[in-house]
$ cat data-v9.pdb   # PDB, C-alpha atoms, pLDDT in the B column
ATOM      1  CA  MET U   1       0.000   0.000   0.000  1.00 77.00           C
ATOM      2  CA  ALA U   2       1.255   3.497  -0.844  1.00 69.00           C
ATOM      3  CA  MET U   3       1.493   6.252   1.755  1.00 75.00           C
ATOM      4  CA  PHE U   4       1.195   9.935   0.883  1.00 77.00           C
ATOM      5  CA  ASN U   5       4.457  11.645   1.786  1.00 82.00           C
ATOM      6  CA  PHE U   6       5.217  14.850  -0.133  1.00 88.00           C
ATOM      7  CA  VAL U   7       4.012  17.573  -2.466  1.00 91.00           C
ATOM      8  CA  LYS U   8       6.471  19.085  -4.919  1.00 93.00           C
ATOM      9  CA  ILE U   9       5.993  22.518  -6.456  1.00 93.00           C
ATOM     10  CA  THR U  10       8.190  23.965  -9.172  1.00 93.00           C
ATOM     11  CA  VAL U  11       9.455  27.465  -8.428  1.00 94.00           C
ATOM     12  CA  ALA U  12      11.505  30.091 -10.236  1.00 92.00           C
ATOM     13  CA  ASP U  13      13.318  31.575  -7.203  1.00 94.00           C
ATOM     14  CA  ILE U  14      13.989  28.780  -4.720  1.00 96.00           C
ATOM     15  CA  ALA U  15      15.671  31.045  -2.136  1.00 97.00           C
ATOM     16  CA  ALA U  16      12.764  33.505  -2.064  1.00 97.00           C
ATOM     17  CA  MET U  17      10.207  30.709  -1.833  1.00 97.00           C
ATOM     18  CA  GLU U  18      12.152  29.027   0.984  1.00 97.00           C
ATOM     19  CA  THR U  19      12.056  32.336   2.873  1.00 97.00           C
ATOM     20  CA  PHE U  20       8.297  32.642   2.308  1.00 97.00           C
ATOM     21  CA  TYR U  21       7.382  29.106   3.444  1.00 96.00           C
ATOM     22  CA  THR U  22       9.637  29.233   6.519  1.00 96.00           C
ATOM     23  CA  GLY U  23       8.496  32.722   7.521  1.00 96.00           C
ATOM     24  CA  ALA U  24       4.806  32.609   6.639  1.00 95.00           C
ATOM     25  CA  LEU U  25       3.853  28.974   7.300  1.00 93.00           C
ATOM     26  CA  GLY U  26       6.422  27.693   9.790  1.00 92.00           C
ATOM     27  CA  PHE U  27       8.319  25.188   7.646  1.00 94.00           C
ATOM     28  CA  THR U  28      11.899  24.173   8.421  1.00 94.00           C
ATOM     29  CA  VAL U  29      14.401  22.848   5.915  1.00 95.00           C
ATOM     30  CA  GLN U  30      15.009  19.110   6.269  1.00 94.00           C
ATOM     31  CA  ASN U  31      17.314  18.488   3.305  1.00 95.00           C
ATOM     32  CA  ARG U  32      18.672  20.001   0.100  1.00 97.00           C
ATOM     33  CA  ILE U  33      19.664  18.534  -3.244  1.00 95.00           C
ATOM     34  CA  ASP U  34      21.718  20.574  -5.698  1.00 94.00           C
ATOM     35  CA  THR U  35      22.623  19.044  -9.060  1.00 92.00           C
ATOM     36  CA  PRO U  36      23.570  20.560 -12.418  1.00 90.00           C
ATOM     37  CA  ALA U  37      19.995  19.892 -13.672  1.00 89.00           C
ATOM     38  CA  PHE U  38      17.853  20.896 -10.674  1.00 93.00           C
ATOM     39  CA  ARG U  39      17.697  22.019  -7.042  1.00 95.00           C
ATOM     40  CA  GLU U  40      15.319  20.824  -4.341  1.00 96.00           C
ATOM     41  CA  VAL U  41      14.615  21.986  -0.814  1.00 97.00           C
ATOM     42  CA  MET U  42      12.677  19.521   1.352  1.00 95.00           C
ATOM     43  CA  MET U  43      10.692  21.238   4.096  1.00 95.00           C
ATOM     44  CA  ALA U  44       8.417  20.072   6.920  1.00 94.00           C
ATOM     45  CA  GLN U  45       6.471  21.516   9.817  1.00 89.00           C
ATOM     46  CA  LYS U  46       6.895  20.521  13.470  1.00 81.00           C
ATOM     47  CA  ALA U  47       3.587  18.644  13.467  1.00 70.00           C
ATOM     48  CA  GLY U  48       4.766  16.537  10.529  1.00 69.00           C
ATOM     49  CA  GLY U  49       2.281  14.983   8.164  1.00 73.00           C
ATOM     50  CA  PHE U  50       3.928  15.604   4.823  1.00 81.00           C
ATOM     51  CA  THR U  51       6.946  17.199   3.213  1.00 90.00           C
ATOM     52  CA  LEU U  52       6.784  20.202   0.905  1.00 94.00           C
ATOM     53  CA  VAL U  53       9.467  20.041  -1.763  1.00 95.00           C
ATOM     54  CA  LEU U  54      10.479  23.207  -3.592  1.00 96.00           C
ATOM     55  CA  TYR U  55      11.881  22.233  -7.001  1.00 94.00           C
ATOM     56  CA  GLN U  56      13.815  24.523  -9.346  1.00 94.00           C
ATOM     57  CA  HIS U  57      15.044  23.703 -12.844  1.00 91.00           C
ATOM     58  CA  THR U  58      18.545  25.121 -13.287  1.00 89.00           C
ATOM     59  CA  ASP U  59      18.409  25.311 -17.084  1.00 86.00           C
ATOM     60  CA  GLY U  60      16.520  28.646 -17.180  1.00 80.00           C
ATOM     61  CA  ARG U  61      13.276  27.310 -18.670  1.00 82.00           C
ATOM     62  CA  ALA U  62      10.127  29.418 -18.260  1.00 81.00           C
ATOM     63  CA  LEU U  63       7.498  28.210 -15.786  1.00 81.00           C
ATOM     64  CA  SER U  64       3.723  28.269 -15.830  1.00 80.00           C
ATOM     65  CA  ASN U  65       1.586  27.342 -12.808  1.00 78.00           C
ATOM     66  CA  GLY U  66      -1.305  26.136 -14.960  1.00 80.00           C
ATOM     67  CA  ASN U  67      -4.805  25.508 -13.647  1.00 77.00           C
ATOM     68  CA  GLY U  68      -4.984  21.726 -13.371  1.00 75.00           C
ATOM     69  CA  TRP U  69      -4.453  21.502  -9.615  1.00 82.00           C
ATOM     70  CA  GLY U  70      -6.040  22.809  -6.448  1.00 84.00           C
ATOM     71  CA  PRO U  71      -4.574  24.777  -3.563  1.00 92.00           C
ATOM     72  CA  LEU U  72      -2.139  23.501  -0.960  1.00 92.00           C
ATOM     73  CA  GLY U  73      -4.320  23.095   2.142  1.00 93.00           C
ATOM     74  CA  PHE U  74      -3.297  24.025   5.684  1.00 93.00           C
ATOM     75  CA  ILE U  75      -5.247  23.660   8.932  1.00 92.00           C
ATOM     76  CA  VAL U  76      -4.722  26.795  11.039  1.00 93.00           C
ATOM     77  CA  ARG U  77      -5.777  27.815  14.541  1.00 93.00           C
ATOM     78  CA  ASP U  78      -6.707  31.400  13.653  1.00 95.00           C
ATOM     79  CA  CYS U  79      -7.599  31.977  10.006  1.00 96.00           C
ATOM     80  CA  ASP U  80      -7.709  35.775  10.291  1.00 97.00           C
ATOM     81  CA  LYS U  81      -4.327  35.996  12.047  1.00 97.00           C
ATOM     82  CA  ASP U  82      -2.562  33.458   9.827  1.00 96.00           C
ATOM     83  CA  HIS U  83      -4.029  34.979   6.660  1.00 97.00           C
ATOM     84  CA  ALA U  84      -2.760  38.442   7.666  1.00 97.00           C
ATOM     85  CA  ALA U  85       0.668  37.054   8.639  1.00 97.00           C
ATOM     86  CA  ALA U  86       1.073  35.342   5.265  1.00 97.00           C
ATOM     87  CA  ILE U  87       0.127  38.570   3.456  1.00 98.00           C
ATOM     88  CA  ALA U  88       2.734  40.431   5.533  1.00 97.00           C
ATOM     89  CA  LYS U  89       5.359  37.849   4.431  1.00 97.00           C
ATOM     90  CA  GLY U  90       4.623  38.306   0.712  1.00 97.00           C
ATOM     91  CA  ALA U  91       1.470  36.329  -0.101  1.00 97.00           C
ATOM     92  CA  SER U  92      -1.328  37.846  -2.188  1.00 98.00           C
ATOM     93  CA  GLU U  93      -4.955  37.665  -1.121  1.00 98.00           C
ATOM     94  CA  VAL U  94      -7.209  35.529  -3.303  1.00 97.00           C
ATOM     95  CA  ARG U  95     -10.231  35.421  -0.927  1.00 97.00           C
ATOM     96  CA  ALA U  96     -10.460  37.023   2.500  1.00 98.00           C
ATOM     97  CA  PRO U  97     -11.328  34.853   5.532  1.00 97.00           C
ATOM     98  CA  ALA U  98     -15.003  33.899   5.584  1.00 96.00           C
ATOM     99  CA  ALA U  99     -17.248  31.627   7.656  1.00 94.00           C
ATOM    100  CA  PHE U 100     -18.190  28.394   5.902  1.00 86.00           C
ATOM    101  CA  GLY U 101     -20.211  25.568   7.478  1.00 88.00           C
ATOM    102  CA  GLY U 102     -18.925  26.190  11.007  1.00 91.00           C
ATOM    103  CA  MET U 103     -15.374  26.673   9.739  1.00 94.00           C
ATOM    104  CA  LYS U 104     -13.436  29.685   8.531  1.00 96.00           C
ATOM    105  CA  VAL U 105     -11.560  29.559   5.240  1.00 96.00           C
ATOM    106  CA  SER U 106      -9.387  31.896   3.197  1.00 97.00           C
ATOM    107  CA  PHE U 107      -7.247  31.660   0.088  1.00 96.00           C
ATOM    108  CA  ILE U 108      -3.908  33.286  -0.656  1.00 97.00           C
ATOM    109  CA  SER U 109      -1.223  32.880  -3.304  1.00 97.00           C
ATOM    110  CA  ASP U 110       2.439  32.505  -2.457  1.00 97.00           C
ATOM    111  CA  PRO U 111       4.841  35.020  -4.073  1.00 96.00           C
ATOM    112  CA  GLU U 112       4.999  32.915  -7.263  1.00 94.00           C
ATOM    113  CA  GLY U 113       1.242  32.348  -7.554  1.00 94.00           C
ATOM    114  CA  HIS U 114       0.750  28.873  -6.019  1.00 94.00           C
ATOM    115  CA  GLU U 115      -2.659  28.933  -4.347  1.00 94.00           C
ATOM    116  CA  ILE U 116      -2.912  28.125  -0.626  1.00 95.00           C
ATOM    117  CA  GLU U 117      -6.076  27.415   1.372  1.00 95.00           C
ATOM    118  CA  LEU U 118      -6.104  28.213   5.099  1.00 96.00           C
ATOM    119  CA  LEU U 119      -8.821  26.324   7.001  1.00 95.00           C
ATOM    120  CA  GLN U 120      -9.815  26.936  10.626  1.00 95.00           C
ATOM    121  CA  LEU U 121     -11.846  24.030  11.966  1.00 93.00           C
ATOM    122  CA  PRO U 122     -14.736  24.507  14.429  1.00 90.00           C
ATOM    123  CA  ALA U 123     -13.623  24.830  18.067  1.00 80.00           C
ATOM    124  CA  ALA U 124     -14.954  21.330  18.910  1.00 61.00           C
ATOM    125  CA  ALA U 125     -12.902  19.682  16.125  1.00 53.00           C
TER     126      ALA U 125
END
$ encode --input "data-v9.pdb" --output "structure tokens"
Amino acid sequence: MAMFNFVKITVADIAAMETFYTGALGFTVQNRIDTPAFREVMMAQKAGGFTLVLYQHTDGRALSNGNGWGPLGFIVRDCDKDHAAAIAKGASEVRAPAAFGGMKVSFISDPEGHEIELLQLPAAA
């Protein structure tokens, strides 16, 4: 049986994106790979769960985020606070925090346009 372990996103500026994900969402760097063809930074949060891998081609090719995928989803304790903190660290607002079925949800984009969903569960959850 397979076990979900990581999500990999392709980025243009790996250093800037590492700074964003560590500063805005609390990731820490677990490992790095640097080859002539690509670079990767493997990142995780204290609570674990999965690894976020930042991937950069080193051949200068142009990137396009496309629209065939959904947002990276994060459970947060305070949607309003975490949304504002991410904006202060360089994210762009897609949708402001709003109540939804007993939860609160918002959407932001990281500095390179990857969409992120912040979800605050009901207090009893």
$ resolve_selection --input "data-v9.pdb" --expression "the PyMOL selection byres ((chain U and resi 39) around 7)" --output "PyMOL selection string"
chain U and resi 33-35+38+40-41+55-57
$ write_last_selection --input "data-v9.pdb" --atoms "C-alpha atoms" --output "PDB file, in the coordinates of the input"
ATOM      1  CA  ILE U  33      19.664  18.534  -3.244  1.00 95.00           C
ATOM      2  CA  ASP U  34      21.718  20.574  -5.698  1.00 94.00           C
ATOM      3  CA  THR U  35      22.623  19.044  -9.060  1.00 92.00           C
ATOM      4  CA  PHE U  38      17.853  20.896 -10.674  1.00 93.00           C
ATOM      5  CA  GLU U  40      15.319  20.824  -4.341  1.00 96.00           C
ATOM      6  CA  VAL U  41      14.615  21.986  -0.814  1.00 97.00           C
ATOM      7  CA  TYR U  55      11.881  22.233  -7.001  1.00 94.00           C
ATOM      8  CA  GLN U  56      13.815  24.523  -9.346  1.00 94.00           C
ATOM      9  CA  HIS U  57      15.044  23.703 -12.844  1.00 91.00           C
TER      10      HIS U  57
END
$ closest_atom_pairs --input "data-v9.pdb" --of "segment 11-34 of chain U" --to "segment 61-83 of chain U" --cutoff "12 Å" --atoms "only C-alpha atoms" --output "tab-separated table"
residue	atom	partner	partner_atom	distance
U:Val11	CA	U:Leu63	CA	7.7
U:Ala12	CA	U:Leu63	CA	7.1
U:Asp13	CA	U:Leu63	CA	10.9
U:Tyr21	CA	U:Leu72	CA	11.9
U:Gly23	CA	U:Asp82	CA	11.3
U:Ala24	CA	U:Asp82	CA	8.1
U:Leu25	CA	U:Asp82	CA	8.2
U:Gly26	CA	U:Asp82	CA	10.7
U:Phe27	CA	U:Phe74	CA	11.8
$ resolve_selection --input "data-v9.pdb" --expression "the PyMOL selection byres ((chain U and resi 4) around 12)" --output "compact mmCIF listing (two decimals) with C-alpha atoms, in the frame of the given file"
# COMPACT_ATOMS: atom_id res chain seq x y z
CA MET U 1 0.00 0.00 0.00
CA ALA U 2 1.25 3.50 -0.84
CA MET U 3 1.49 6.25 1.76
CA ASN U 5 4.46 11.64 1.79
CA PHE U 6 5.22 14.85 -0.13
CA VAL U 7 4.01 17.57 -2.47
CA GLY U 49 2.28 14.98 8.16
CA PHE U 50 3.93 15.60 4.82
CA THR U 51 6.95 17.20 3.21
CA LEU U 52 6.78 20.20 0.90
$ atom_distance --input "data-v9.pdb" --atom1 "atom CA of Pro97 of chain U" --atom2 "atom CA of Glu18 of chain U"
24.6 Å
$ resolve_selection --input "data-v9.pdb" --expression "the PyMOL selection byres ((chain U and resi 106) around 9)" --output "ChimeraX atom specification"
/U:79-80,83,93-98,104-105,107-108,116-120
$ closest_residue --input "data-v9.pdb" --among "U:Phe100, U:Lys89, U:Gln45, U:Leu121" --to "Ala16 of chain U" --atoms "all atoms listed in the file"
U:Lys89
$ atom_distance --input "data-v9.pdb" --atom1 "atom CA of Asn31 of chain U" --atom2 "atom CA of Ser92 of chain U"
27.4 Å
$ residues_near_point --input "data-v9.pdb" --point "(9.9, 19.4, 3.9)" --cutoff "7 Å" --atoms "all atoms listed in the file" --output "JSON, numbers by chain"
{"U": [28, 29, 30, 42, 43, 44, 51, 52, 53]}
$ atom_distance --input "data-v9.pdb" --atom1 "atom CA of Glu112 of chain U" --atom2 "atom CA of Ile14 of chain U"
10.2 Å
$ closest_residue --input "data-v9.pdb" --among "U:Ala37, U:Thr58, U:Pro122, U:Arg32" --to "Gly101 of chain U" --atoms "all atoms listed in the file"
U:Pro122
$ closest_residue --input "data-v9.pdb" --among "U:Ala91, U:Ala123, U:Met17, U:Ala86" --to "Leu54 of chain U" --atoms "all atoms listed in the file"
U:Met17
$ decode --input "data-v9.pdb" --residues "segment 74-93 of chain U" --atoms "N, CA and C atoms" --output "PDB file, in the first residue's frame"
ATOM      1  N   PHE U  74      -3.879  23.989   4.349  1.00  0.00           N
ATOM      2  CA  PHE U  74      -3.297  24.025   5.684  1.00  0.00           C
ATOM      3  C   PHE U  74      -4.385  24.253   6.719  1.00  0.00           C
ATOM      4  N   ILE U  75      -4.378  23.437   7.784  1.00  0.00           N
ATOM      5  CA  ILE U  75      -5.247  23.660   8.932  1.00  0.00           C
ATOM      6  C   ILE U  75      -4.552  24.693   9.814  1.00  0.00           C
ATOM      7  N   VAL U  76      -5.284  25.730  10.201  1.00  0.00           N
ATOM      8  CA  VAL U  76      -4.722  26.795  11.039  1.00  0.00           C
ATOM      9  C   VAL U  76      -5.585  26.973  12.278  1.00  0.00           C
ATOM     10  N   ARG U  77      -5.019  27.557  13.314  1.00  0.00           N
ATOM     11  CA  ARG U  77      -5.777  27.815  14.541  1.00  0.00           C
ATOM     12  C   ARG U  77      -6.582  29.090  14.452  1.00  0.00           C
ATOM     13  N   ASP U  78      -6.050  30.100  13.755  1.00  0.00           N
ATOM     14  CA  ASP U  78      -6.707  31.400  13.653  1.00  0.00           C
ATOM     15  C   ASP U  78      -6.581  31.888  12.218  1.00  0.00           C
ATOM     16  N   CYS U  79      -7.624  31.664  11.431  1.00  0.00           N
ATOM     17  CA  CYS U  79      -7.599  31.977  10.006  1.00  0.00           C
ATOM     18  C   CYS U  79      -7.296  33.453   9.753  1.00  0.00           C
ATOM     19  N   ASP U  80      -7.930  34.341  10.496  1.00  0.00           N
ATOM     20  CA  ASP U  80      -7.709  35.775  10.291  1.00  0.00           C
ATOM     21  C   ASP U  80      -6.244  36.140  10.540  1.00  0.00           C
ATOM     22  N   LYS U  81      -5.705  35.676  11.660  1.00  0.00           N
ATOM     23  CA  LYS U  81      -4.327  35.996  12.047  1.00  0.00           C
ATOM     24  C   LYS U  81      -3.326  35.397  11.060  1.00  0.00           C
ATOM     25  N   ASP U  82      -3.502  34.121  10.720  1.00  0.00           N
ATOM     26  CA  ASP U  82      -2.562  33.458   9.827  1.00  0.00           C
ATOM     27  C   ASP U  82      -2.646  33.994   8.399  1.00  0.00           C
ATOM     28  N   HIS U  83      -3.841  34.355   7.971  1.00  0.00           N
ATOM     29  CA  HIS U  83      -4.029  34.979   6.660  1.00  0.00           C
ATOM     30  C   HIS U  83      -3.256  36.297   6.605  1.00  0.00           C
ATOM     31  N   ALA U  84      -3.444  37.144   7.616  1.00  0.00           N
ATOM     32  CA  ALA U  84      -2.760  38.442   7.666  1.00  0.00           C
ATOM     33  C   ALA U  84      -1.245  38.269   7.741  1.00  0.00           C
ATOM     34  N   ALA U  85      -0.776  37.289   8.521  1.00  0.00           N
ATOM     35  CA  ALA U  85       0.668  37.054   8.639  1.00  0.00           C
ATOM     36  C   ALA U  85       1.274  36.629   7.308  1.00  0.00           C
ATOM     37  N   ALA U  86       0.573  35.772   6.569  1.00  0.00           N
ATOM     38  CA  ALA U  86       1.073  35.342   5.265  1.00  0.00           C
ATOM     39  C   ALA U  86       1.127  36.516   4.288  1.00  0.00           C
ATOM     40  N   ILE U  87       0.131  37.381   4.309  1.00  0.00           N
ATOM     41  CA  ILE U  87       0.127  38.570   3.456  1.00  0.00           C
ATOM     42  C   ILE U  87       1.330  39.454   3.799  1.00  0.00           C
ATOM     43  N   ALA U  88       1.596  39.613   5.095  1.00  0.00           N
ATOM     44  CA  ALA U  88       2.734  40.431   5.533  1.00  0.00           C
ATOM     45  C   ALA U  88       4.068  39.839   5.083  1.00  0.00           C
ATOM     46  N   LYS U  89       4.121  38.519   4.864  1.00  0.00           N
ATOM     47  CA  LYS U  89       5.359  37.849   4.431  1.00  0.00           C
ATOM     48  C   LYS U  89       5.467  37.726   2.920  1.00  0.00           C
ATOM     49  N   GLY U  90       4.505  38.291   2.167  1.00  0.00           N
ATOM     50  CA  GLY U  90       4.623  38.306   0.712  1.00  0.00           C
ATOM     51  C   GLY U  90       3.544  37.596  -0.069  1.00  0.00           C
ATOM     52  N   ALA U  91       2.575  36.978   0.606  1.00  0.00           N
ATOM     53  CA  ALA U  91       1.470  36.329  -0.101  1.00  0.00           C
ATOM     54  C   ALA U  91       0.529  37.392  -0.672  1.00  0.00           C
ATOM     55  N   SER U  92      -0.283  36.987  -1.627  1.00  0.00           N
ATOM     56  CA  SER U  92      -1.328  37.846  -2.188  1.00  0.00           C
ATOM     57  C   SER U  92      -2.681  37.270  -1.801  1.00  0.00           C
ATOM     58  N   GLU U  93      -3.615  38.131  -1.488  1.00  0.00           N
ATOM     59  CA  GLU U  93      -4.955  37.665  -1.121  1.00  0.00           C
ATOM     60  C   GLU U  93      -5.724  37.219  -2.362  1.00  0.00           C
TER      61      GLU U  93
END
